[in-house]
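Pasting structure.cif here (mmCIF, N, CA and C atoms):
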```cif
data_entry
loop_
_atom_site.label_atom_id
_atom_site.label_comp_id
_atom_site.auth_asym_id
_atom_site.auth_seq_id
_atom_site.Cartn_x
_atom_site.Cartn_y
_atom_site.Cartn_z
N MET A 1 -0.40 117.83 78.94
CA MET A 1 -1.49 118.03 78.02
C MET A 1 -0.91 118.02 76.61
N GLU A 2 -1.49 117.26 75.78
CA GLU A 2 -1.00 117.16 74.40
C GLU A 2 -1.30 118.45 73.64
N LEU A 3 -0.50 118.70 72.61
CA LEU A 3 -0.62 119.94 71.85
C LEU A 3 -2.02 120.14 71.30
N LYS A 4 -2.62 119.08 70.80
CA LYS A 4 -3.98 119.19 70.24
C LYS A 4 -4.97 119.65 71.31
N LYS A 5 -4.85 119.10 72.52
CA LYS A 5 -5.73 119.51 73.61
C LYS A 5 -5.46 120.96 74.00
N MET A 6 -4.17 121.37 73.98
CA MET A 6 -3.83 122.76 74.28
C MET A 6 -4.51 123.70 73.31
N MET A 7 -4.48 123.34 72.03
CA MET A 7 -5.11 124.19 71.01
C MET A 7 -6.61 124.29 71.24
N ASN A 8 -7.23 123.20 71.63
CA ASN A 8 -8.66 123.22 71.93
C ASN A 8 -8.97 124.12 73.11
N VAL A 9 -8.12 124.07 74.14
CA VAL A 9 -8.31 124.93 75.31
C VAL A 9 -8.22 126.39 74.89
N LEU A 10 -7.25 126.71 74.06
CA LEU A 10 -7.05 128.09 73.63
C LEU A 10 -8.17 128.61 72.74
N ASP A 11 -8.93 127.71 72.14
CA ASP A 11 -10.07 128.11 71.32
C ASP A 11 -11.29 128.49 72.15
N ASN A 12 -11.28 128.16 73.44
CA ASN A 12 -12.41 128.46 74.33
C ASN A 12 -12.37 129.91 74.81
N LYS A 13 -13.50 130.35 75.34
CA LYS A 13 -13.53 131.64 76.04
C LYS A 13 -12.64 131.51 77.26
N PRO A 14 -12.01 132.60 77.70
CA PRO A 14 -11.07 132.52 78.82
C PRO A 14 -11.64 131.84 80.06
N GLU A 15 -12.86 132.19 80.44
CA GLU A 15 -13.43 131.59 81.66
C GLU A 15 -13.67 130.09 81.50
N ASP A 16 -14.01 129.66 80.29
CA ASP A 16 -14.18 128.22 80.03
C ASP A 16 -12.84 127.50 80.03
N ALA A 17 -11.83 128.14 79.47
CA ALA A 17 -10.49 127.55 79.45
C ALA A 17 -9.97 127.39 80.88
N VAL A 18 -10.16 128.42 81.70
CA VAL A 18 -9.72 128.36 83.10
C VAL A 18 -10.41 127.21 83.81
N SER A 19 -11.71 127.11 83.65
CA SER A 19 -12.47 126.05 84.30
C SER A 19 -11.99 124.67 83.86
N GLN A 20 -11.79 124.50 82.57
CA GLN A 20 -11.33 123.22 82.02
C GLN A 20 -9.93 122.88 82.55
N LEU A 21 -9.05 123.84 82.56
CA LEU A 21 -7.69 123.59 83.01
C LEU A 21 -7.64 123.28 84.51
N LEU A 22 -8.40 124.02 85.31
CA LEU A 22 -8.42 123.75 86.74
C LEU A 22 -9.03 122.39 87.05
N ASP A 23 -10.05 122.01 86.30
CA ASP A 23 -10.62 120.67 86.47
C ASP A 23 -9.59 119.60 86.16
N ASP A 24 -8.80 119.83 85.11
CA ASP A 24 -7.76 118.88 84.73
C ASP A 24 -6.69 118.77 85.82
N VAL A 25 -6.30 119.90 86.39
CA VAL A 25 -5.32 119.90 87.47
C VAL A 25 -5.88 119.14 88.67
N ARG A 26 -7.14 119.40 89.03
CA ARG A 26 -7.77 118.72 90.16
C ARG A 26 -7.82 117.21 89.92
N ASP A 27 -8.13 116.81 88.70
CA ASP A 27 -8.18 115.39 88.37
C ASP A 27 -6.80 114.74 88.53
N ARG A 28 -5.76 115.45 88.14
CA ARG A 28 -4.40 114.90 88.21
C ARG A 28 -3.83 114.91 89.61
N TYR A 29 -4.02 116.02 90.33
CA TYR A 29 -3.40 116.19 91.65
C TYR A 29 -4.30 115.78 92.81
N GLY A 30 -5.59 115.79 92.58
CA GLY A 30 -6.51 115.55 93.68
C GLY A 30 -6.84 116.84 94.42
N GLU A 31 -6.30 117.93 93.94
CA GLU A 31 -6.52 119.25 94.53
C GLU A 31 -6.01 120.31 93.56
N ILE A 32 -6.37 121.54 93.83
CA ILE A 32 -5.87 122.66 93.02
C ILE A 32 -4.84 123.39 93.88
N PRO A 33 -3.59 123.49 93.43
CA PRO A 33 -2.58 124.21 94.21
C PRO A 33 -3.01 125.65 94.48
N TYR A 34 -2.61 126.15 95.62
CA TYR A 34 -3.00 127.49 96.06
C TYR A 34 -2.76 128.55 94.99
N ILE A 35 -1.57 128.57 94.40
CA ILE A 35 -1.24 129.64 93.46
C ILE A 35 -2.16 129.62 92.25
N LEU A 36 -2.54 128.43 91.79
CA LEU A 36 -3.46 128.36 90.64
C LEU A 36 -4.85 128.84 91.02
N ASN A 37 -5.28 128.50 92.22
CA ASN A 37 -6.57 128.99 92.68
C ASN A 37 -6.55 130.51 92.84
N PHE A 38 -5.43 131.03 93.33
CA PHE A 38 -5.25 132.48 93.49
C PHE A 38 -5.36 133.19 92.13
N MET A 39 -4.84 132.54 91.08
CA MET A 39 -4.77 133.15 89.75
C MET A 39 -6.02 132.90 88.90
N LYS A 40 -7.02 132.24 89.44
CA LYS A 40 -8.16 131.82 88.62
C LYS A 40 -8.91 132.98 87.96
N ASP A 41 -8.81 134.16 88.52
CA ASP A 41 -9.47 135.33 87.92
C ASP A 41 -8.53 136.13 87.02
N MET A 42 -7.39 135.55 86.71
CA MET A 42 -6.40 136.18 85.84
C MET A 42 -6.07 135.22 84.69
N PRO A 43 -7.01 134.99 83.79
CA PRO A 43 -6.78 133.98 82.74
C PRO A 43 -5.56 134.26 81.87
N GLU A 44 -5.20 135.51 81.69
CA GLU A 44 -4.04 135.84 80.86
C GLU A 44 -2.74 135.34 81.49
N LEU A 45 -2.74 135.13 82.80
CA LEU A 45 -1.58 134.57 83.50
C LEU A 45 -1.74 133.08 83.78
N LEU A 46 -2.95 132.70 84.19
CA LEU A 46 -3.19 131.32 84.59
C LEU A 46 -3.10 130.34 83.42
N ILE A 47 -3.70 130.67 82.31
CA ILE A 47 -3.72 129.73 81.18
C ILE A 47 -2.31 129.41 80.69
N PRO A 48 -1.45 130.40 80.41
CA PRO A 48 -0.10 130.03 79.97
C PRO A 48 0.70 129.31 81.06
N LYS A 49 0.48 129.66 82.33
CA LYS A 49 1.20 128.98 83.41
C LYS A 49 0.83 127.50 83.45
N ILE A 50 -0.44 127.19 83.42
CA ILE A 50 -0.87 125.79 83.47
C ILE A 50 -0.38 125.04 82.24
N LEU A 51 -0.51 125.64 81.08
CA LEU A 51 -0.06 124.96 79.86
C LEU A 51 1.44 124.68 79.92
N TYR A 52 2.21 125.63 80.40
CA TYR A 52 3.65 125.43 80.53
C TYR A 52 3.95 124.34 81.56
N ASP A 53 3.34 124.47 82.73
CA ASP A 53 3.56 123.48 83.79
C ASP A 53 3.18 122.08 83.32
N ASP A 54 2.05 121.97 82.62
CA ASP A 54 1.63 120.67 82.09
C ASP A 54 2.68 120.09 81.15
N SER A 55 3.25 120.94 80.33
CA SER A 55 4.25 120.47 79.37
C SER A 55 5.47 119.89 80.06
N ILE A 56 5.84 120.45 81.18
CA ILE A 56 7.03 120.02 81.90
C ILE A 56 6.73 118.92 82.90
N MET A 57 5.75 119.12 83.74
CA MET A 57 5.58 118.23 84.89
C MET A 57 4.59 117.10 84.71
N ARG A 58 3.61 117.29 83.88
CA ARG A 58 2.58 116.26 83.82
C ARG A 58 2.54 115.49 82.51
N GLU A 59 3.14 116.02 81.51
CA GLU A 59 3.15 115.33 80.22
C GLU A 59 4.55 114.95 79.80
N PHE A 60 5.45 115.01 80.71
CA PHE A 60 6.84 114.67 80.46
C PHE A 60 6.92 113.17 80.26
N LYS A 61 7.18 112.73 79.08
CA LYS A 61 7.12 111.31 78.74
C LYS A 61 8.38 110.54 79.11
N ARG A 62 9.46 111.23 79.40
CA ARG A 62 10.72 110.53 79.67
C ARG A 62 10.87 110.12 81.13
N MET A 63 10.00 110.64 82.02
CA MET A 63 10.02 110.27 83.44
C MET A 63 8.62 109.90 83.89
N ASP A 64 8.55 108.94 84.78
CA ASP A 64 7.25 108.56 85.32
C ASP A 64 6.83 109.55 86.40
N SER A 65 5.55 109.53 86.76
CA SER A 65 5.01 110.51 87.71
C SER A 65 5.65 110.38 89.09
N LYS A 66 6.05 109.18 89.49
CA LYS A 66 6.71 108.99 90.79
C LYS A 66 8.04 109.77 90.80
N THR A 67 8.82 109.64 89.76
CA THR A 67 10.10 110.34 89.67
C THR A 67 9.89 111.85 89.68
N VAL A 68 8.92 112.33 88.93
CA VAL A 68 8.63 113.77 88.88
C VAL A 68 8.25 114.28 90.27
N GLU A 69 7.43 113.52 90.99
CA GLU A 69 7.04 113.97 92.34
C GLU A 69 8.22 113.95 93.31
N LEU A 70 9.07 112.92 93.22
CA LEU A 70 10.23 112.88 94.11
C LEU A 70 11.19 114.04 93.82
N ILE A 71 11.37 114.38 92.55
CA ILE A 71 12.18 115.55 92.20
C ILE A 71 11.53 116.81 92.75
N SER A 72 10.22 116.93 92.58
CA SER A 72 9.49 118.10 93.09
C SER A 72 9.64 118.24 94.59
N ILE A 73 9.62 117.11 95.30
CA ILE A 73 9.79 117.13 96.76
C ILE A 73 11.19 117.58 97.12
N GLY A 74 12.19 117.02 96.45
CA GLY A 74 13.58 117.41 96.74
C GLY A 74 13.83 118.88 96.48
N VAL A 75 13.33 119.37 95.36
CA VAL A 75 13.52 120.79 95.02
C VAL A 75 12.74 121.68 95.98
N SER A 76 11.52 121.31 96.30
CA SER A 76 10.72 122.10 97.26
C SER A 76 11.42 122.17 98.60
N ALA A 77 11.99 121.06 99.04
CA ALA A 77 12.72 121.05 100.31
C ALA A 77 13.95 121.95 100.22
N ALA A 78 14.69 121.84 99.12
CA ALA A 78 15.90 122.65 98.94
C ALA A 78 15.58 124.14 98.90
N LEU A 79 14.48 124.48 98.25
CA LEU A 79 14.09 125.89 98.15
C LEU A 79 13.37 126.39 99.40
N ARG A 80 13.08 125.46 100.29
CA ARG A 80 12.36 125.75 101.53
C ARG A 80 10.98 126.32 101.27
N CYS A 81 10.31 125.76 100.29
CA CYS A 81 8.95 126.17 99.97
C CYS A 81 7.99 125.19 100.65
N ASP A 82 7.57 125.56 101.84
CA ASP A 82 6.73 124.70 102.67
C ASP A 82 5.43 124.32 101.98
N HIS A 83 4.82 125.29 101.29
CA HIS A 83 3.53 125.02 100.63
C HIS A 83 3.69 123.99 99.51
N CYS A 84 4.70 124.19 98.67
CA CYS A 84 4.94 123.23 97.59
C CYS A 84 5.32 121.86 98.15
N LEU A 85 6.17 121.87 99.16
CA LEU A 85 6.62 120.61 99.75
C LEU A 85 5.45 119.80 100.28
N LYS A 86 4.58 120.43 101.04
CA LYS A 86 3.43 119.71 101.60
C LYS A 86 2.51 119.19 100.51
N MET A 87 2.26 120.01 99.49
CA MET A 87 1.39 119.58 98.40
C MET A 87 2.00 118.38 97.67
N HIS A 88 3.29 118.45 97.34
CA HIS A 88 3.92 117.35 96.61
C HIS A 88 4.03 116.09 97.48
N ILE A 89 4.14 116.25 98.78
CA ILE A 89 4.12 115.08 99.66
C ILE A 89 2.73 114.44 99.62
N ARG A 90 1.68 115.26 99.64
CA ARG A 90 0.31 114.70 99.54
C ARG A 90 0.13 113.95 98.23
N ILE A 91 0.61 114.55 97.14
CA ILE A 91 0.48 113.90 95.83
C ILE A 91 1.27 112.60 95.81
N ALA A 92 2.49 112.64 96.35
CA ALA A 92 3.32 111.43 96.40
C ALA A 92 2.61 110.34 97.19
N ASN A 93 2.00 110.71 98.29
CA ASN A 93 1.27 109.75 99.11
C ASN A 93 0.13 109.12 98.30
N ARG A 94 -0.59 109.94 97.55
CA ARG A 94 -1.68 109.43 96.70
C ARG A 94 -1.15 108.48 95.62
N LEU A 95 0.08 108.72 95.18
CA LEU A 95 0.70 107.86 94.16
C LEU A 95 1.28 106.57 94.75
N GLY A 96 1.24 106.45 96.07
CA GLY A 96 1.77 105.25 96.71
C GLY A 96 3.26 105.30 96.99
N ILE A 97 3.84 106.47 96.93
CA ILE A 97 5.26 106.62 97.24
C ILE A 97 5.42 106.51 98.76
N THR A 98 6.38 105.72 99.19
CA THR A 98 6.53 105.48 100.62
C THR A 98 7.12 106.68 101.34
N LYS A 99 6.88 106.70 102.65
CA LYS A 99 7.43 107.76 103.50
C LYS A 99 8.96 107.76 103.41
N GLU A 100 9.55 106.59 103.34
CA GLU A 100 11.01 106.48 103.27
C GLU A 100 11.55 107.06 101.96
N GLU A 101 10.86 106.79 100.84
CA GLU A 101 11.28 107.35 99.55
C GLU A 101 11.16 108.87 99.56
N ILE A 102 10.08 109.37 100.16
CA ILE A 102 9.88 110.82 100.26
C ILE A 102 11.00 111.43 101.11
N PHE A 103 11.32 110.77 102.22
CA PHE A 103 12.39 111.27 103.08
C PHE A 103 13.73 111.28 102.35
N ASP A 104 13.99 110.26 101.54
CA ASP A 104 15.22 110.23 100.75
C ASP A 104 15.30 111.43 99.81
N ALA A 105 14.18 111.77 99.18
CA ALA A 105 14.15 112.94 98.28
C ALA A 105 14.43 114.22 99.07
N ILE A 106 13.88 114.31 100.28
CA ILE A 106 14.13 115.48 101.13
C ILE A 106 15.60 115.54 101.52
N LEU A 107 16.18 114.40 101.87
CA LEU A 107 17.61 114.36 102.22
C LEU A 107 18.48 114.80 101.05
N ILE A 108 18.16 114.35 99.85
CA ILE A 108 18.93 114.75 98.67
C ILE A 108 18.81 116.25 98.44
N GLY A 109 17.58 116.77 98.53
CA GLY A 109 17.38 118.22 98.38
C GLY A 109 18.15 119.00 99.42
N GLY A 110 18.14 118.52 100.66
CA GLY A 110 18.87 119.19 101.74
C GLY A 110 20.37 119.17 101.52
N THR A 111 20.87 118.05 101.03
CA THR A 111 22.30 117.93 100.76
C THR A 111 22.72 118.90 99.67
N LEU A 112 21.93 118.98 98.61
CA LEU A 112 22.27 119.90 97.53
C LEU A 112 22.12 121.35 97.96
N SER A 113 21.12 121.64 98.76
CA SER A 113 20.94 123.00 99.27
C SER A 113 22.13 123.40 100.13
N ASN A 114 22.58 122.49 100.98
CA ASN A 114 23.75 122.73 101.82
C ASN A 114 24.99 122.96 100.96
N ALA A 115 25.15 122.14 99.93
CA ALA A 115 26.31 122.29 99.05
C ALA A 115 26.29 123.64 98.34
N SER A 116 25.11 124.10 97.97
CA SER A 116 24.98 125.39 97.31
C SER A 116 25.40 126.53 98.24
N VAL A 117 24.97 126.47 99.48
CA VAL A 117 25.35 127.49 100.46
C VAL A 117 26.87 127.48 100.64
N LEU A 118 27.43 126.30 100.81
CA LEU A 118 28.87 126.20 101.00
C LEU A 118 29.64 126.66 99.77
N ALA A 119 29.19 126.30 98.59
CA ALA A 119 29.87 126.70 97.35
C ALA A 119 29.85 128.22 97.19
N ASP A 120 28.70 128.84 97.39
CA ASP A 120 28.62 130.29 97.25
C ASP A 120 29.43 130.99 98.34
N GLY A 121 29.28 130.52 99.57
CA GLY A 121 29.99 131.15 100.68
C GLY A 121 31.50 131.05 100.56
N THR A 122 32.00 129.87 100.23
CA THR A 122 33.45 129.71 100.13
C THR A 122 34.02 130.44 98.92
N ARG A 123 33.27 130.52 97.83
CA ARG A 123 33.73 131.30 96.68
C ARG A 123 33.83 132.78 97.02
N ALA A 124 32.81 133.29 97.73
CA ALA A 124 32.83 134.71 98.13
C ALA A 124 33.99 134.96 99.09
N LEU A 125 34.18 134.06 100.02
CA LEU A 125 35.27 134.19 100.97
C LEU A 125 36.62 134.17 100.26
N ASP A 126 36.79 133.21 99.39
CA ASP A 126 38.04 133.09 98.63
C ASP A 126 38.28 134.32 97.76
N SER A 127 37.22 134.79 97.13
CA SER A 127 37.33 135.96 96.25
C SER A 127 37.78 137.20 97.03
N GLU A 128 37.22 137.41 98.18
CA GLU A 128 37.57 138.60 98.98
C GLU A 128 38.97 138.51 99.56
N PHE A 129 39.39 137.33 99.95
CA PHE A 129 40.70 137.20 100.57
C PHE A 129 41.82 137.01 99.56
N SER A 130 41.50 136.59 98.36
CA SER A 130 42.56 136.37 97.38
C SER A 130 42.95 137.64 96.64
N SER A 131 42.08 138.62 96.58
CA SER A 131 42.39 139.83 95.83
C SER A 131 43.38 140.72 96.58
N GLY A 132 43.30 140.69 97.92
CA GLY A 132 44.24 141.48 98.70
C GLY A 132 43.97 142.97 98.70
N GLU A 133 42.94 143.40 98.05
CA GLU A 133 42.66 144.84 98.03
C GLU A 133 41.17 145.09 98.22
N ASP A 134 40.84 146.22 98.80
CA ASP A 134 39.45 146.61 99.01
C ASP A 134 38.93 147.22 97.72
N THR A 135 37.90 146.61 97.16
CA THR A 135 37.36 147.10 95.89
C THR A 135 36.46 148.31 96.07
N GLY A 136 36.02 148.57 97.31
CA GLY A 136 35.14 149.69 97.55
C GLY A 136 33.71 149.44 97.11
N GLU A 137 33.42 148.23 96.63
CA GLU A 137 32.07 147.91 96.19
C GLU A 137 31.14 147.83 97.39
N THR A 138 29.92 148.25 97.21
CA THR A 138 28.94 148.18 98.29
C THR A 138 27.88 147.15 97.95
N CYS A 139 27.31 146.63 99.00
CA CYS A 139 26.22 145.66 98.85
C CYS A 139 24.92 146.43 98.65
N GLY A 140 24.18 146.08 97.63
CA GLY A 140 22.93 146.75 97.35
C GLY A 140 21.86 146.49 98.38
N VAL A 141 22.04 145.47 99.20
CA VAL A 141 21.05 145.13 100.22
C VAL A 141 21.39 145.81 101.54
N CYS A 142 22.61 145.59 102.02
CA CYS A 142 22.97 146.12 103.35
C CYS A 142 23.74 147.43 103.29
N ASP A 143 24.22 147.82 102.11
CA ASP A 143 24.95 149.06 101.91
C ASP A 143 26.19 149.19 102.78
N LEU A 144 26.87 148.06 103.00
CA LEU A 144 28.13 148.08 103.75
C LEU A 144 29.28 147.93 102.79
N SER A 145 30.18 148.89 102.77
CA SER A 145 31.32 148.78 101.85
C SER A 145 32.50 148.07 102.50
N SER A 146 32.63 148.17 103.81
CA SER A 146 33.69 147.46 104.51
C SER A 146 33.37 147.43 105.98
N ILE A 147 34.04 146.54 106.65
CA ILE A 147 33.87 146.45 108.10
C ILE A 147 35.19 146.86 108.73
N ASP A 148 35.11 147.79 109.66
CA ASP A 148 36.34 148.28 110.31
C ASP A 148 36.74 147.39 111.45
#
```

Would you encode the structure as structure tokens?
Amino acid sequence: MELKKMMNVLDNKPEDAVSQLLDDVRDRYGEIPYILNFMKDMPELLIPKILYDDSIMREFKRMDSKTVELISIGVSAALRCDHCLKMHIRIANRLGITKEEIFDAILIGGTLSNASVLADGTRALDSEFSSGEDTGETCGVCDLSSID
């Protein structure tokens, strides 16, 4: 959404701004994502979220919509967000993106997700074994300071 249109939206009453923004999202996506529909009665949260999202994902002039959707699919797959993944696959399908291209984006997301797990895990392992001493630190989640 262009800045001028954003300013016009902000000049409306909250309920009118919400309606206008959700209509715009529906026109672009072919549907309203669950989280936006959930937030429709919270204009103080919904309006800035949509305006921000529009600035990044829908009005990004340096990438075409196909590229943005393929990135969204890869990231959704990597984050294991089933709801986002399914929605972005539907949008990609509407844009004419092939099943094979979508699968490639999922494979890339999976590869990076795997690399992240391995990078974090091996760094933690290396850190614990290279120090040679028990720091006595406890985990805030499991509250285990050491294993006997």

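Atom CA of A:Arg26 lies 19.8 Å from atom N of A:Ile71.
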
Within 8 Å of stretch 6-12 of chain A, counting all atoms listed in the file, which residues qualify if same-chain residues fewer than 5 places away don't, as a ChimeraX atom specification?
-> /A:1,17-18,20-21,51

Residue set, chain A restricted to helix (DSSP H, G or I), as a ChimeraX atom specification = /A:3-10,14-29,34-38,43-58,65-79,82-94,99-131

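The space separating atom C of A:Ser72 from atom C of A:Thr122 comes to 27.6 Å.
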
With distances taken over only C-alpha atoms, the candidate from A:Ala105, A:Asp64, A:Glu44, A:Gly110 nearest A:Ala78 is A:Gly110

Residues around (2.2, 121.5, 81.2), cut-off 12 Å, counting only C-alpha atoms - what are they as a PDB file with N, CA and C atoms, keeping the file's coordinate frame?
```pdb
ATOM      1  N   MET A   1      -0.400 117.830  78.940  1.00  0.00           N
ATOM      2  CA  MET A   1      -1.490 118.030  78.020  1.00  0.00           C
ATOM      3  C   MET A   1      -0.910 118.020  76.610  1.00  0.00           C
ATOM      4  N   GLU A   2      -1.490 117.260  75.780  1.00  0.00           N
ATOM      5  CA  GLU A   2      -1.000 117.160  74.400  1.00  0.00           C
ATOM      6  C   GLU A   2      -1.300 118.450  73.640  1.00  0.00           C
ATOM      7  N   LEU A   3      -0.500 118.700  72.610  1.00  0.00           N
ATOM      8  CA  LEU A   3      -0.620 119.940  71.850  1.00  0.00           C
ATOM      9  C   LEU A   3      -2.020 120.140  71.300  1.00  0.00           C
ATOM     10  N   LYS A   5      -4.850 119.100  72.520  1.00  0.00           N
ATOM     11  CA  LYS A   5      -5.730 119.510  73.610  1.00  0.00           C
ATOM     12  C   LYS A   5      -5.460 120.960  74.000  1.00  0.00           C
ATOM     13  N   MET A   6      -4.170 121.370  73.980  1.00  0.00           N
ATOM     14  CA  MET A   6      -3.830 122.760  74.280  1.00  0.00           C
ATOM     15  C   MET A   6      -4.510 123.700  73.310  1.00  0.00           C
ATOM     16  N   LEU A  21      -9.050 123.840  82.560  1.00  0.00           N
ATOM     17  CA  LEU A  21      -7.690 123.590  83.010  1.00  0.00           C
ATOM     18  C   LEU A  21      -7.640 123.280  84.510  1.00  0.00           C
ATOM     19  N   ASP A  24      -8.800 119.830  85.110  1.00  0.00           N
ATOM     20  CA  ASP A  24      -7.760 118.880  84.730  1.00  0.00           C
ATOM     21  C   ASP A  24      -6.690 118.770  85.820  1.00  0.00           C
ATOM     22  N   VAL A  25      -6.300 119.900  86.390  1.00  0.00           N
ATOM     23  CA  VAL A  25      -5.320 119.900  87.470  1.00  0.00           C
ATOM     24  C   VAL A  25      -5.880 119.140  88.670  1.00  0.00           C
ATOM     25  N   ARG A  28      -5.760 115.450  88.140  1.00  0.00           N
ATOM     26  CA  ARG A  28      -4.400 114.900  88.210  1.00  0.00           C
ATOM     27  C   ARG A  28      -3.830 114.910  89.610  1.00  0.00           C
ATOM     28  N   LEU A  46      -2.950 132.700  84.190  1.00  0.00           N
ATOM     29  CA  LEU A  46      -3.190 131.320  84.590  1.00  0.00           C
ATOM     30  C   LEU A  46      -3.100 130.340  83.420  1.00  0.00           C
ATOM     31  N   ILE A  47      -3.700 130.670  82.310  1.00  0.00           N
ATOM     32  CA  ILE A  47      -3.720 129.730  81.180  1.00  0.00           C
ATOM     33  C   ILE A  47      -2.310 129.410  80.690  1.00  0.00           C
ATOM     34  N   PRO A  48      -1.450 130.400  80.410  1.00  0.00           N
ATOM     35  CA  PRO A  48      -0.100 130.030  79.970  1.00  0.00           C
ATOM     36  C   PRO A  48       0.700 129.310  81.060  1.00  0.00           C
ATOM     37  N   LYS A  49       0.480 129.660  82.330  1.00  0.00           N
ATOM     38  CA  LYS A  49       1.200 128.980  83.410  1.00  0.00           C
ATOM     39  C   LYS A  49       0.830 127.500  83.450  1.00  0.00           C
ATOM     40  N   ILE A  50      -0.440 127.190  83.420  1.00  0.00           N
ATOM     41  CA  ILE A  50      -0.870 125.790  83.470  1.00  0.00           C
ATOM     42  C   ILE A  50      -0.380 125.040  82.240  1.00  0.00           C
ATOM     43  N   LEU A  51      -0.510 125.640  81.080  1.00  0.00           N
ATOM     44  CA  LEU A  51      -0.060 124.960  79.860  1.00  0.00           C
ATOM     45  C   LEU A  51       1.440 124.680  79.920  1.00  0.00           C
ATOM     46  N   TYR A  52       2.210 125.630  80.400  1.00  0.00           N
ATOM     47  CA  TYR A  52       3.650 125.430  80.530  1.00  0.00           C
ATOM     48  C   TYR A  52       3.950 124.340  81.560  1.00  0.00           C
ATOM     49  N   ASP A  53       3.340 124.470  82.730  1.00  0.00           N
ATOM     50  CA  ASP A  53       3.560 123.480  83.790  1.00  0.00           C
ATOM     51  C   ASP A  53       3.180 122.080  83.320  1.00  0.00           C
ATOM     52  N   ASP A  54       2.050 121.970  82.620  1.00  0.00           N
ATOM     53  CA  ASP A  54       1.630 120.670  82.090  1.00  0.00           C
ATOM     54  C   ASP A  54       2.680 120.090  81.150  1.00  0.00           C
ATOM     55  N   SER A  55       3.250 120.940  80.330  1.00  0.00           N
ATOM     56  CA  SER A  55       4.250 120.470  79.370  1.00  0.00           C
ATOM     57  C   SER A  55       5.470 119.890  80.060  1.00  0.00           C
ATOM     58  N   ILE A  56       5.840 120.450  81.180  1.00  0.00           N
ATOM     59  CA  ILE A  56       7.030 120.020  81.900  1.00  0.00           C
ATOM     60  C   ILE A  56       6.730 118.920  82.900  1.00  0.00           C
ATOM     61  N   MET A  57       5.750 119.120  83.740  1.00  0.00           N
ATOM     62  CA  MET A  57       5.580 118.230  84.890  1.00  0.00           C
ATOM     63  C   MET A  57       4.590 117.100  84.710  1.00  0.00           C
ATOM     64  N   ARG A  58       3.610 117.290  83.880  1.00  0.00           N
ATOM     65  CA  ARG A  58       2.580 116.260  83.820  1.00  0.00           C
ATOM     66  C   ARG A  58       2.540 115.490  82.510  1.00  0.00           C
ATOM     67  N   GLU A  59       3.140 116.020  81.510  1.00  0.00           N
ATOM     68  CA  GLU A  59       3.150 115.330  80.220  1.00  0.00           C
ATOM     69  C   GLU A  59       4.550 114.950  79.800  1.00  0.00           C
ATOM     70  N   PHE A  60       5.450 115.010  80.710  1.00  0.00           N
ATOM     71  CA  PHE A  60       6.840 114.670  80.460  1.00  0.00           C
ATOM     72  C   PHE A  60       6.920 113.170  80.260  1.00  0.00           C
ATOM     73  N   LYS A  61       7.180 112.730  79.080  1.00  0.00           N
ATOM     74  CA  LYS A  61       7.120 111.310  78.740  1.00  0.00           C
ATOM     75  C   LYS A  61       8.380 110.540  79.110  1.00  0.00           C
TER      76      LYS A  61
END
```

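Residue membership of the PyMOL selection byres (((chain A and resi 88 and name CA) around 9) and name CA) in the shown file amounts to Tyr29, Glu69, Leu70, Ser72, Ile73, Ser76, His83, Cys84, Leu85, Lys86, Met87, Ile89, Arg90, Ile91, Ala92 and Asn93 of chain A.
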
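Across the structure, atom CA of A:Leu118 and atom C of A:Glu101 are spaced 24.8 Å apart.
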